[in-house]
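Asker: Structure file start.pdb, PDB, C-alpha atoms and all ligand atoms, is pasted below:
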```
ATOM      1  CA  MET A   1      28.317 115.558  46.653
ATOM      2  CA  ASN A   2      24.600 115.107  46.004
ATOM      3  CA  ASN A   3      23.468 116.630  49.284
ATOM      4  CA  GLU A   4      22.110 119.730  47.637
ATOM      5  CA  TYR A   5      19.588 117.665  45.641
ATOM      6  CA  ALA A   6      16.232 116.397  46.860
ATOM      7  CA  ILE A   7      16.517 113.583  44.323
ATOM      8  CA  SER A   8      19.437 112.374  42.258
ATOM      9  CA  VAL A   9      18.628 109.860  39.565
ATOM     10  CA  ASN A  10      22.009 108.575  38.464
ATOM     11  CA  ASN A  11      22.164 106.614  35.215
ATOM     12  CA  VAL A  12      19.059 104.625  36.142
ATOM     13  CA  GLY A  13      17.777 101.752  34.041
ATOM     14  CA  LYS A  14      14.901  99.363  34.598
ATOM     15  CA  THR A  15      14.395  96.063  32.826
ATOM     16  CA  TYR A  16      11.372  93.912  33.565
ATOM     17  CA  ARG A  17      11.896  90.171  33.197
ATOM     18  CA  SER A  18       8.947  87.925  32.542
ATOM     19  CA  ARG A  19       8.658  84.447  34.069
ATOM     20  CA  ARG A  20       9.714  83.047  30.713
ATOM     21  CA  GLY A  21      12.883  85.121  30.874
ATOM     22  CA  GLN A  22      11.865  87.705  28.277
ATOM     23  CA  GLU A  23      13.353  91.106  28.965
ATOM     24  CA  ASN A  24      11.697  94.478  28.488
ATOM     25  CA  THR A  25      14.002  97.436  29.045
ATOM     26  CA  VAL A  26      11.667 100.257  30.007
ATOM     27  CA  LEU A  27      14.123 102.871  31.274
ATOM     28  CA  GLU A  28      17.694 103.406  30.146
ATOM     29  CA  GLY A  29      20.398 105.836  31.246
ATOM     30  CA  LEU A  30      18.115 108.223  33.121
ATOM     31  CA  ASP A  31      20.114 110.965  34.717
ATOM     32  CA  PHE A  32      18.541 113.976  36.397
ATOM     33  CA  HIS A  33      18.478 115.882  39.648
ATOM     34  CA  VAL A  34      15.826 117.831  41.484
ATOM     35  CA  GLU A  35      16.732 120.711  43.770
ATOM     36  CA  PRO A  36      14.884 120.927  47.105
ATOM     37  CA  GLY A  37      11.501 122.600  46.931
ATOM     38  CA  ARG A  38      11.205 122.359  43.156
ATOM     39  CA  PHE A  39       8.150 121.228  41.211
ATOM     40  CA  VAL A  40       9.175 119.010  38.309
ATOM     41  CA  SER A  41       6.582 117.812  35.786
ATOM     42  CA  ILE A  42       7.153 114.668  33.739
ATOM     43  CA  VAL A  43       5.435 114.055  30.405
ATOM     44  CA  GLY A  44       5.820 111.422  27.713
ATOM     45  CA  GLN A  45       3.896 109.078  25.475
ATOM     46  CA  SER A  46       1.765 106.377  27.030
ATOM     47  CA  GLY A  47       4.015 103.426  27.876
ATOM     48  CA  SER A  48       7.221 105.468  27.924
ATOM     49  CA  GLY A  49       7.940 104.444  31.514
ATOM     50  CA  LYS A  50       6.759 107.417  33.609
ATOM     51  CA  THR A  51       5.008 105.286  36.222
ATOM     52  CA  THR A  52       7.985 102.940  36.294
ATOM     53  CA  LEU A  53      10.191 105.965  36.941
ATOM     54  CA  LEU A  54       8.009 107.163  39.847
ATOM     55  CA  LYS A  55       7.790 103.682  41.359
ATOM     56  CA  THR A  56      11.556 103.409  41.151
ATOM     57  CA  VAL A  57      12.107 106.842  42.719
ATOM     58  CA  SER A  58       9.638 105.960  45.498
ATOM     59  CA  GLY A  59      11.495 102.768  46.335
ATOM     60  CA  LEU A  60       8.462 100.620  45.426
ATOM     61  CA  GLN A  61      10.728  98.832  42.955
ATOM     62  CA  GLU A  62      14.457  98.645  42.453
ATOM     63  CA  PRO A  63      16.332  99.918  39.408
ATOM     64  CA  THR A  64      18.277  97.306  37.474
ATOM     65  CA  GLU A  65      20.998  99.884  36.716
ATOM     66  CA  GLY A  66      22.235 103.002  38.476
ATOM     67  CA  GLU A  67      21.201 104.513  41.800
ATOM     68  CA  ILE A  68      18.674 106.900  43.269
ATOM     69  CA  LEU A  69      19.562 109.190  46.143
ATOM     70  CA  VAL A  70      17.053 111.125  48.227
ATOM     71  CA  HIS A  71      18.674 114.104  49.931
ATOM     72  CA  GLY A  72      22.023 112.447  49.298
ATOM     73  CA  ARG A  73      21.073 109.128  50.918
ATOM     74  CA  PRO A  74      20.222 105.813  49.264
ATOM     75  CA  ILE A  75      16.492 105.539  48.723
ATOM     76  CA  GLN A  76      16.082 102.789  51.356
ATOM     77  CA  GLU A  77      17.316 105.181  54.054
ATOM     78  CA  GLY A  78      15.159 108.075  52.917
ATOM     79  CA  ILE A  79      11.919 106.195  52.362
ATOM     80  CA  GLU A  80      10.096 107.953  55.223
ATOM     81  CA  ASP A  81      10.654 111.296  53.517
ATOM     82  CA  ILE A  82       8.632 110.200  50.468
ATOM     83  CA  ALA A  83       4.877 110.086  49.830
ATOM     84  CA  MET A  84       2.996 109.132  46.693
ATOM     85  CA  VAL A  85      -0.386 110.082  45.215
ATOM     86  CA  PHE A  86      -1.918 107.882  42.507
ATOM     87  CA  GLN A  87      -4.589 108.540  39.884
ATOM     88  CA  SER A  88      -7.157 106.773  42.039
ATOM     89  CA  PRO A  89      -7.531 108.076  45.619
ATOM     90  CA  VAL A  90      -7.990 104.529  47.071
ATOM     91  CA  LEU A  91      -9.603 105.585  50.343
ATOM     92  CA  LEU A  92     -10.811 102.939  52.752
ATOM     93  CA  PRO A  93     -14.630 103.124  52.665
ATOM     94  CA  TRP A  94     -15.083 101.973  56.254
ATOM     95  CA  ARG A  95     -12.955 104.793  57.684
ATOM     96  CA  ASN A  96     -14.012 108.425  57.789
ATOM     97  CA  ASN A  97     -11.939 111.040  55.979
ATOM     98  CA  LEU A  98      -9.912 112.068  59.011
ATOM     99  CA  ASP A  99      -9.084 108.419  59.755
ATOM    100  CA  ASN A 100      -8.069 107.883  56.122
ATOM    101  CA  VAL A 101      -5.695 110.841  56.340
ATOM    102  CA  LEU A 102      -4.194 109.479  59.572
ATOM    103  CA  LEU A 103      -3.633 105.979  58.175
ATOM    104  CA  PRO A 104       0.103 106.295  57.306
ATOM    105  CA  LEU A 105       0.850 107.574  60.812
ATOM    106  CA  GLU A 106      -1.184 104.795  62.358
ATOM    107  CA  PHE A 107       0.962 102.259  60.483
ATOM    108  CA  ARG A 108       4.005 103.861  62.104
ATOM    109  CA  GLY A 109       2.397 103.910  65.540
ATOM    110  CA  ALA A 110       2.407 107.712  65.452
ATOM    111  CA  ARG A 111      -1.276 108.587  65.727
ATOM    112  CA  THR A 112      -0.832 111.299  68.351
ATOM    113  CA  ASP A 113      -2.977 114.299  69.293
ATOM    114  CA  GLU A 114      -0.491 116.467  67.416
ATOM    115  CA  ALA A 115      -0.869 114.267  64.310
ATOM    116  CA  ARG A 116      -4.649 114.478  64.537
ATOM    117  CA  ALA A 117      -4.463 118.275  64.786
ATOM    118  CA  TYR A 118      -2.181 118.397  61.742
ATOM    119  CA  ALA A 119      -4.507 116.097  59.762
ATOM    120  CA  MET A 120      -7.383 118.462  60.568
ATOM    121  CA  GLU A 121      -5.249 121.420  59.526
ATOM    122  CA  LEU A 122      -4.558 119.745  56.178
ATOM    123  CA  LEU A 123      -8.242 118.950  55.627
ATOM    124  CA  GLU A 124      -9.052 122.569  56.374
ATOM    125  CA  MET A 125      -6.327 123.724  53.990
ATOM    126  CA  VAL A 126      -8.054 121.844  51.138
ATOM    127  CA  GLY A 127     -11.516 123.091  52.168
ATOM    128  CA  LEU A 128     -12.674 119.802  53.725
ATOM    129  CA  GLY A 129     -12.496 120.663  57.425
ATOM    130  CA  GLY A 130     -16.265 120.222  57.646
ATOM    131  CA  LYS A 131     -16.093 116.748  56.048
ATOM    132  CA  ALA A 132     -13.597 115.155  58.459
ATOM    133  CA  LYS A 133     -16.197 112.767  59.880
ATOM    134  CA  ASN A 134     -17.791 111.973  56.513
ATOM    135  CA  TYR A 135     -16.988 108.880  54.443
ATOM    136  CA  SER A 136     -15.399 108.832  50.998
ATOM    137  CA  TYR A 137     -18.630 107.743  49.252
ATOM    138  CA  GLU A 138     -20.163 111.006  50.438
ATOM    139  CA  LEU A 139     -17.535 113.021  48.545
ATOM    140  CA  SER A 140     -17.050 113.992  44.886
ATOM    141  CA  GLY A 141     -14.064 112.605  42.950
ATOM    142  CA  GLY A 142     -12.156 115.882  43.384
ATOM    143  CA  MET A 143     -12.846 115.907  47.134
ATOM    144  CA  GLN A 144     -11.662 112.296  47.445
ATOM    145  CA  GLN A 145      -8.436 113.173  45.673
ATOM    146  CA  ARG A 146      -7.974 116.091  48.107
ATOM    147  CA  VAL A 147      -8.274 113.618  51.002
ATOM    148  CA  ALA A 148      -5.679 111.377  49.308
ATOM    149  CA  ILE A 149      -3.340 114.376  49.004
ATOM    150  CA  CYS A 150      -3.816 115.149  52.731
ATOM    151  CA  ARG A 151      -3.019 111.494  53.507
ATOM    152  CA  ALA A 152       0.214 111.849  51.532
ATOM    153  CA  LEU A 153       1.134 115.096  53.293
ATOM    154  CA  VAL A 154       0.298 114.051  56.856
ATOM    155  CA  SER A 155       3.718 112.472  57.409
ATOM    156  CA  ARG A 156       5.336 115.769  56.314
ATOM    157  CA  PRO A 157       7.210 114.244  53.355
ATOM    158  CA  LYS A 158      10.107 116.142  51.862
ATOM    159  CA  LEU A 159       9.331 114.585  48.519
ATOM    160  CA  LEU A 160       5.866 114.181  47.005
ATOM    161  CA  LEU A 161       5.476 111.896  43.980
ATOM    162  CA  MET A 162       2.250 112.279  41.995
ATOM    163  CA  ASP A 163       1.267 109.894  39.207
ATOM    164  CA  GLU A 164      -1.405 111.482  36.997
ATOM    165  CA  PRO A 165      -3.336 112.506  40.137
ATOM    166  CA  PHE A 166      -6.015 114.482  38.321
ATOM    167  CA  GLY A 167      -6.394 112.226  35.272
ATOM    168  CA  ALA A 168      -9.798 110.924  36.317
ATOM    169  CA  LEU A 169     -11.296 114.349  37.049
ATOM    170  CA  ASP A 170     -13.447 116.518  34.794
ATOM    171  CA  ALA A 171     -11.786 119.568  33.234
ATOM    172  CA  MET A 172     -13.197 122.146  35.671
ATOM    173  CA  THR A 173     -12.344 120.145  38.789
ATOM    174  CA  ARG A 174      -8.910 119.459  37.339
ATOM    175  CA  ASP A 175      -8.332 123.196  36.881
ATOM    176  CA  SER A 176      -9.254 123.938  40.466
ATOM    177  CA  MET A 177      -7.053 121.050  41.685
ATOM    178  CA  ASN A 178      -4.145 122.595  39.781
ATOM    179  CA  PHE A 179      -4.591 125.797  41.799
ATOM    180  CA  GLU A 180      -4.955 123.725  44.958
ATOM    181  CA  ILE A 181      -1.758 121.752  44.415
ATOM    182  CA  GLN A 182       0.199 124.898  43.564
ATOM    183  CA  ARG A 183      -0.961 126.435  46.867
ATOM    184  CA  ILE A 184      -0.244 123.252  48.862
ATOM    185  CA  TRP A 185       3.211 122.940  47.356
ATOM    186  CA  GLN A 186       4.016 126.578  48.104
ATOM    187  CA  THR A 187       2.745 126.182  51.691
ATOM    188  CA  THR A 188       4.580 122.942  52.497
ATOM    189  CA  GLY A 189       7.788 123.610  50.566
ATOM    190  CA  CYS A 190       8.192 119.933  49.594
ATOM    191  CA  SER A 191       9.796 118.838  46.324
ATOM    192  CA  VAL A 192       7.363 117.389  43.785
ATOM    193  CA  LEU A 193       7.684 114.979  40.868
ATOM    194  CA  PHE A 194       4.408 115.191  38.946
ATOM    195  CA  VAL A 195       3.528 112.836  36.076
ATOM    196  CA  THR A 196       0.795 114.013  33.729
ATOM    197  CA  HIS A 197      -0.514 113.415  30.211
ATOM    198  CA  SER A 198      -1.522 117.052  29.950
ATOM    199  CA  ILE A 199       1.196 119.278  28.541
ATOM    200  CA  PRO A 200      -0.595 122.520  29.606
ATOM    201  CA  GLU A 201      -0.920 121.159  33.153
ATOM    202  CA  ALA A 202       2.774 120.187  33.161
ATOM    203  CA  VAL A 203       3.822 123.673  32.046
ATOM    204  CA  TRP A 204       1.452 125.579  34.317
ATOM    205  CA  LEU A 205       2.579 123.684  37.430
ATOM    206  CA  GLY A 206       6.226 122.963  36.736
ATOM    207  CA  ASP A 207       9.471 124.755  37.434
ATOM    208  CA  ARG A 208      10.750 122.296  34.843
ATOM    209  CA  VAL A 209       9.182 119.856  32.436
ATOM    210  CA  VAL A 210      11.098 116.638  31.846
ATOM    211  CA  VAL A 211      10.109 114.900  28.610
ATOM    212  CA  VAL A 212      10.528 111.116  28.572
ATOM    213  CA  GLY A 213      10.944 109.455  25.170
ATOM    214  CA  ASP A 214       9.932 105.849  24.722
ATOM    215  CA  ARG A 215      11.394 102.435  23.883
ATOM    216  CA  PRO A 216      13.323 102.556  26.086
ATOM    217  CA  GLY A 217      12.331 105.504  28.259
ATOM    218  CA  ARG A 218      15.018 108.169  28.413
ATOM    219  CA  ILE A 219      15.056 111.919  28.903
ATOM    220  CA  ILE A 220      14.742 113.701  25.578
ATOM    221  CA  ALA A 221      14.258 117.230  26.928
ATOM    222  CA  ASP A 222      14.421 119.056  30.256
ATOM    223  CA  ILE A 223      12.834 122.465  29.893
ATOM    224  CA  PRO A 224      12.946 125.182  32.588
ATOM    225  CA  ILE A 225       9.614 127.013  32.805
ATOM    226  CA  ASP A 226      10.292 130.653  33.442
ATOM    227  CA  LEU A 227       6.801 131.895  34.339
ATOM    228  CA  PRO A 228       6.177 134.005  37.462
ATOM    229  CA  ARG A 229       4.736 132.522  40.700
ATOM    230  CA  PRO A 230       2.130 132.199  41.930
ATOM    231  CA  ARG A 231       0.628 131.370  38.562
ATOM    232  CA  GLY A 232      -2.871 132.417  37.687
ATOM    233  CA  LYS A 233      -5.284 131.710  34.861
ATOM    234  CA  GLU A 234      -3.796 134.556  32.855
ATOM    235  CA  HIS A 235      -0.538 132.638  32.484
ATOM    236  CA  ARG A 236      -2.341 129.935  30.492
ATOM    237  CA  TYR A 237      -3.064 132.423  27.737
ATOM    238  CA  SER A 238       0.317 134.105  27.548
ATOM    239  CA  ALA A 239       2.604 133.861  24.524
ATOM    240  CA  ASP A 240       5.337 132.351  26.727
ATOM    241  CA  PHE A 241       2.957 129.608  27.870
ATOM    242  CA  SER A 242       2.029 128.682  24.289
ATOM    243  CA  GLY A 243       5.709 128.716  23.378
ATOM    244  CA  TYR A 244       6.477 126.152  26.091
ATOM    245  CA  THR A 245       3.568 123.849  25.184
ATOM    246  CA  SER A 246       4.529 123.904  21.468
ATOM    247  CA  GLU A 247       8.142 123.186  22.303
ATOM    248  CA  ILE A 248       7.165 120.168  24.415
ATOM    249  CA  GLU A 249       4.729 118.902  21.763
ATOM    250  CA  SER A 250       7.503 119.060  19.204
ATOM    251  CA  HIS A 251       9.762 116.982  21.463
ATOM    252  CA  ILE A 252       7.101 114.332  21.958
ATOM    253  CA  GLY A 253       6.377 114.306  18.228
ATOM    254  CA  VAL A 254       3.058 112.617  17.729
ATOM    255  CA  VAL A 255       0.691 114.151  20.257
ATOM    256  CA  ALA A 256      -2.212 111.768  19.775
ATOM    257  CA  GLY A 257      -3.603 110.772  23.145
ATOM    258  CA  ILE A 258      -1.916 113.663  24.917
ATOM    259  CA  SER A 259      -4.275 116.498  25.821
TER     260      SER A 259
HETATM  261  N1  LIG B 301       5.409  95.291  36.680
HETATM  262  C1  LIG B 301       5.647  95.236  35.365
HETATM  263  N2  LIG B 301       6.084  94.111  34.785
HETATM  264  C2  LIG B 301       6.365  94.050  33.478
HETATM  265  N3  LIG B 301       6.224  95.101  32.630
HETATM  266  C3  LIG B 301       5.791  96.249  33.141
HETATM  267  C4  LIG B 301       5.461  96.383  34.527
HETATM  268  N4  LIG B 301       5.053  97.661  34.754
HETATM  269  C5  LIG B 301       5.109  98.292  33.552
HETATM  270  N5  LIG B 301       5.549  97.454  32.591
HETATM  271  C6  LIG B 301       5.773  97.793  31.176
HETATM  272  O1  LIG B 301       6.637  98.927  31.158
HETATM  273  C7  LIG B 301       6.275  99.817  30.111
HETATM  274  C8  LIG B 301       6.099 101.200  30.680
HETATM  275  O2  LIG B 301       4.971 101.201  31.553
HETATM  276  P1  LIG B 301       4.649 102.461  32.481
HETATM  277  O3  LIG B 301       3.359 102.160  33.176
HETATM  278  O4  LIG B 301       5.820 102.787  33.312
HETATM  279  O5  LIG B 301       4.461 103.615  31.375
HETATM  280  P2  LIG B 301       3.731 105.028  31.481
HETATM  281  O6  LIG B 301       4.576 105.979  30.711
HETATM  282  O7  LIG B 301       3.471 105.370  32.902
HETATM  283  O8  LIG B 301       2.372 104.727  30.721
HETATM  284  P3  LIG B 301       0.957 105.499  30.824
HETATM  285  O9  LIG B 301       1.244 106.902  30.404
HETATM  286  O10 LIG B 301       0.112 104.774  29.847
HETATM  287  O11 LIG B 301       0.478 105.384  32.240
HETATM  288  C9  LIG B 301       5.034  99.223  29.453
HETATM  289  O12 LIG B 301       5.445  98.531  28.292
HETATM  290  C10 LIG B 301       4.514  98.255  30.483
HETATM  291  O13 LIG B 301       3.854  97.181  29.866
END
```
Could you take the file, read its structure, and then write that structure out as structure tokens?
Answerer:
Amino acid sequence: MNNEYAISVNNVGKTYRSRRGQENTVLEGLDFHVEPGRFVSIVGQSGSGKTTLLKTVSGLQEPTEGEILVHGRPIQEGIEDIAMVFQSPVLLPWRNNLDNVLLPLEFRGARTDEARAYAMELLEMVGLGGKAKNYSYELSGGMQQRVAICRALVSRPKLLLMDEPFGALDAMTRDSMNFEIQRIWQTTGCSVLFVTHSIPEAVWLGDRVVVVGDRPGRIIADIPIDLPRPRGKEHRYSADFSGYTSEIESHIGVVAGIS
């Protein structure tokens, strides 16, 4: 029934329990689906449970209620189809960039010549072909995050989960990374769940923007973004774009802390 969806989040809830037995229900009754190849942005107030949602979808932690299906299969069976990118690139400083990209395949015993060639292809795709033998400390923050994205893509995931991946970057680098990720997504065809604090970024990148309300986290709006692809700078200044950002701001209510 759910086979047509890349992800089905069915009535998912998550309650954390402290050692003293105190309960904190962070997510409640989350229900949404992502069609294959779609780019879905997720926004919400700080603490509304966005990271918890991504960790639950990735299989890093289990929901306390409901179920998550990846391409129609329980998450545990589809785990190899999923890759995650975090705010911090977390590259191993003693390995060069190519070896960092190859790490997930090494863990699976799949570091083949073909894998190495694909890792190089990815580094070239993000403009870092000439830095394959360099180390992360020789790269800028934006370059390091590009390496982390290559590392996520090297296992050819069907589903890419990104948790505020550009949050630590300056505004100009962030802009260029937005173009980069749009291009990568269109080249690879994977489905993306993208958490961000930036409403303009969410709108510019997303086919949809899911707005998570807090205490407990639940979906308060799911807005299709009907802007043409590929998107350019001009789309950020269009009346439609402003309309979407205002609509999302009004759903979130107080926009303090959300750029
Ligand atoms: N492992 C955990 N154990 C207990 N509570 C947790 C855990 N992880 C998160 N929480 C709590 O869950 C709530 C939601 O946190 P989460 O990090 O998912 O929110 P967020 O929307 O991603 O926040 P931000 O936008 O600030 O990154 C917070 O109250 C947090 O303290």
Asker: Any residue with an atom at most 10 Å from ligand LIG 301 (chain B) counts, using all atoms listed in the file. Which are they? Put them as a PDB file with C-alpha atoms, in the frame of the given file.
Answerer:
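Output below, filename pocket-v6.pdb:
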```pdb
ATOM      1  CA  LYS A  14      14.901  99.363  34.598  1.00  0.00           C
ATOM      2  CA  THR A  15      14.395  96.063  32.826  1.00  0.00           C
ATOM      3  CA  TYR A  16      11.372  93.912  33.565  1.00  0.00           C
ATOM      4  CA  ARG A  17      11.896  90.171  33.197  1.00  0.00           C
ATOM      5  CA  SER A  18       8.947  87.925  32.542  1.00  0.00           C
ATOM      6  CA  ARG A  19       8.658  84.447  34.069  1.00  0.00           C
ATOM      7  CA  GLN A  22      11.865  87.705  28.277  1.00  0.00           C
ATOM      8  CA  GLU A  23      13.353  91.106  28.965  1.00  0.00           C
ATOM      9  CA  ASN A  24      11.697  94.478  28.488  1.00  0.00           C
ATOM     10  CA  THR A  25      14.002  97.436  29.045  1.00  0.00           C
ATOM     11  CA  VAL A  26      11.667 100.257  30.007  1.00  0.00           C
ATOM     12  CA  LEU A  27      14.123 102.871  31.274  1.00  0.00           C
ATOM     13  CA  ILE A  42       7.153 114.668  33.739  1.00  0.00           C
ATOM     14  CA  VAL A  43       5.435 114.055  30.405  1.00  0.00           C
ATOM     15  CA  GLY A  44       5.820 111.422  27.713  1.00  0.00           C
ATOM     16  CA  GLN A  45       3.896 109.078  25.475  1.00  0.00           C
ATOM     17  CA  SER A  46       1.765 106.377  27.030  1.00  0.00           C
ATOM     18  CA  GLY A  47       4.015 103.426  27.876  1.00  0.00           C
ATOM     19  CA  SER A  48       7.221 105.468  27.924  1.00  0.00           C
ATOM     20  CA  GLY A  49       7.940 104.444  31.514  1.00  0.00           C
ATOM     21  CA  LYS A  50       6.759 107.417  33.609  1.00  0.00           C
ATOM     22  CA  THR A  51       5.008 105.286  36.222  1.00  0.00           C
ATOM     23  CA  THR A  52       7.985 102.940  36.294  1.00  0.00           C
ATOM     24  CA  LEU A  53      10.191 105.965  36.941  1.00  0.00           C
ATOM     25  CA  LEU A  54       8.009 107.163  39.847  1.00  0.00           C
ATOM     26  CA  LYS A  55       7.790 103.682  41.359  1.00  0.00           C
ATOM     27  CA  THR A  56      11.556 103.409  41.151  1.00  0.00           C
ATOM     28  CA  GLN A  61      10.728  98.832  42.955  1.00  0.00           C
ATOM     29  CA  GLN A  87      -4.589 108.540  39.884  1.00  0.00           C
ATOM     30  CA  ASP A 163       1.267 109.894  39.207  1.00  0.00           C
ATOM     31  CA  GLU A 164      -1.405 111.482  36.997  1.00  0.00           C
ATOM     32  CA  VAL A 195       3.528 112.836  36.076  1.00  0.00           C
ATOM     33  CA  THR A 196       0.795 114.013  33.729  1.00  0.00           C
ATOM     34  CA  HIS A 197      -0.514 113.415  30.211  1.00  0.00           C
ATOM     35  CA  VAL A 212      10.528 111.116  28.572  1.00  0.00           C
ATOM     36  CA  GLY A 213      10.944 109.455  25.170  1.00  0.00           C
ATOM     37  CA  ASP A 214       9.932 105.849  24.722  1.00  0.00           C
ATOM     38  CA  ARG A 215      11.394 102.435  23.883  1.00  0.00           C
ATOM     39  CA  PRO A 216      13.323 102.556  26.086  1.00  0.00           C
ATOM     40  CA  GLY A 217      12.331 105.504  28.259  1.00  0.00           C
ATOM     41  CA  GLY A 257      -3.603 110.772  23.145  1.00  0.00           C
ATOM     42  CA  ILE A 258      -1.916 113.663  24.917  1.00  0.00           C
TER      43      ILE A 258
END
```
Asker: My list of candidates is A:Leu161, A:Arg151, A:Arg95, A:Gly130. Which is closest to Ile82 (chain A) when distances are computed with only C-alpha atoms?
Answerer: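 Closest residue, counting only C-alpha atoms: A:Leu161.
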Asker: What does the PyMOL selection byres (((chain A and resi 177-187) around 10) and not hetatm) select in this file, as a ChimeraX atom specification?
Answerer: /A:37-39,122,125-127,142-143,145-146,149-150,153,160,165-166,169,171-176,188-192,201-202,204-206,229-233
Asker: I need the residue nearest Pro74 (chain A) from this list: A:Leu103, A:Ala6, A:Ile220, A:Val40. Use only C-alpha atoms for the distance.
Answerer: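 Comparing A:Leu103, A:Ala6, A:Ile220, A:Val40 against Pro74 (chain A), the winner is A:Ala6.
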Asker: Which one is closest to Ile7 (chain A): A:Asp240, A:Glu67, A:Glu247, A:Asp99? Count only C-alpha atoms.
Answerer: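 The answer is A:Glu67, which sits nearest to Ile7 (chain A).
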Asker: Can you give me, as a PyMOL selection string, the residues this file yields under the PyMOL selection byres (((chain A and resi 63) around 6) and not hetatm)?
Answerer: chain A and resi 13-14+62+64-65
Asker: Which distance in Å separates CA of Pro224 (chain A) and CA of Ala148 (chain A), to one decimal?
Answerer: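 Spanning CA of Pro224 (chain A) to CA of Ala148 (chain A) is a straight-line distance of 28.6 Å.
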Asker: Which of these, A:Leu123, A:Ala239, A:Ala110, A:Ile75, has the shortest distance to Leu98 (chain A) once you count all atoms listed in the file?
Answerer: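 The shortest atom-to-atom distance to Leu98 (chain A) comes from A:Leu123.
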Asker: Rank nothing, just name the residue among A:Gly29, A:Glu35, A:Glu4, A:Ser136 nearest to Ile219 (chain A), using all atoms listed in the file.
Answerer: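 Closest residue, counting all atoms listed in the file: A:Gly29.
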Asker: Report, in Å with one decimal, the straight-line distance from CA of Asn10 (chain A) to CA of Ser41 (chain A).
Answerer: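 Going from CA of Asn10 (chain A) over to CA of Ser41 (chain A), I get 18.2 Å.
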Asker: Figure out the distance between CA of Ser242 (chain A) and CA of Ile225 (chain A), please, to one decimal in Å.
Answerer: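 Taking CA of Ile225 (chain A) and CA of Ser242 (chain A), their separation equals 11.5 Å.
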Asker: Of the candidates A:Val154, A:Val90, A:Val70, A:Ala83, which one gets nearest to Glu114 (chain A) if we count only C-alpha atoms?
Answerer: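 Among the listed residues, the smallest separation from Glu114 (chain A) belongs to A:Val154.
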Asker: List the residues matched by the PyMOL selection byres (((chain A and resi 85) around 6) and not hetatm) in the displayed structure as a list in words, ordered by chain and then by residue number.
Answerer: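 Checking the PyMOL selection byres (((chain A and resi 85) around 6) and not hetatm) against this file, the residues are Met84, Phe86 and Met162 of chain A.
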Asker: Can you write out the residues you just picked, keeping C-alpha atoms, as a PDB file, in the coordinates of the input?
Answerer:
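Below you can see again32.pdb, which holds the result:
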```
ATOM      1  CA  MET A  84       2.996 109.132  46.693  1.00  0.00           C
ATOM      2  CA  PHE A  86      -1.918 107.882  42.507  1.00  0.00           C
ATOM      3  CA  MET A 162       2.250 112.279  41.995  1.00  0.00           C
TER       4      MET A 162
END
```
Asker: Might I get the box with edges along x, y and z of the file that holds all atoms of region 34-53 of chain A listed there, padded by 5 Å on every side, given as centre and edge lengths in Å to one decimal, as AutoDock Vina command-line options?
Answerer:
```
--center_x 9.2 --center_y 112.8 --center_z 36.3 --size_x 25.0 --size_y 29.7 --size_z 31.6
```
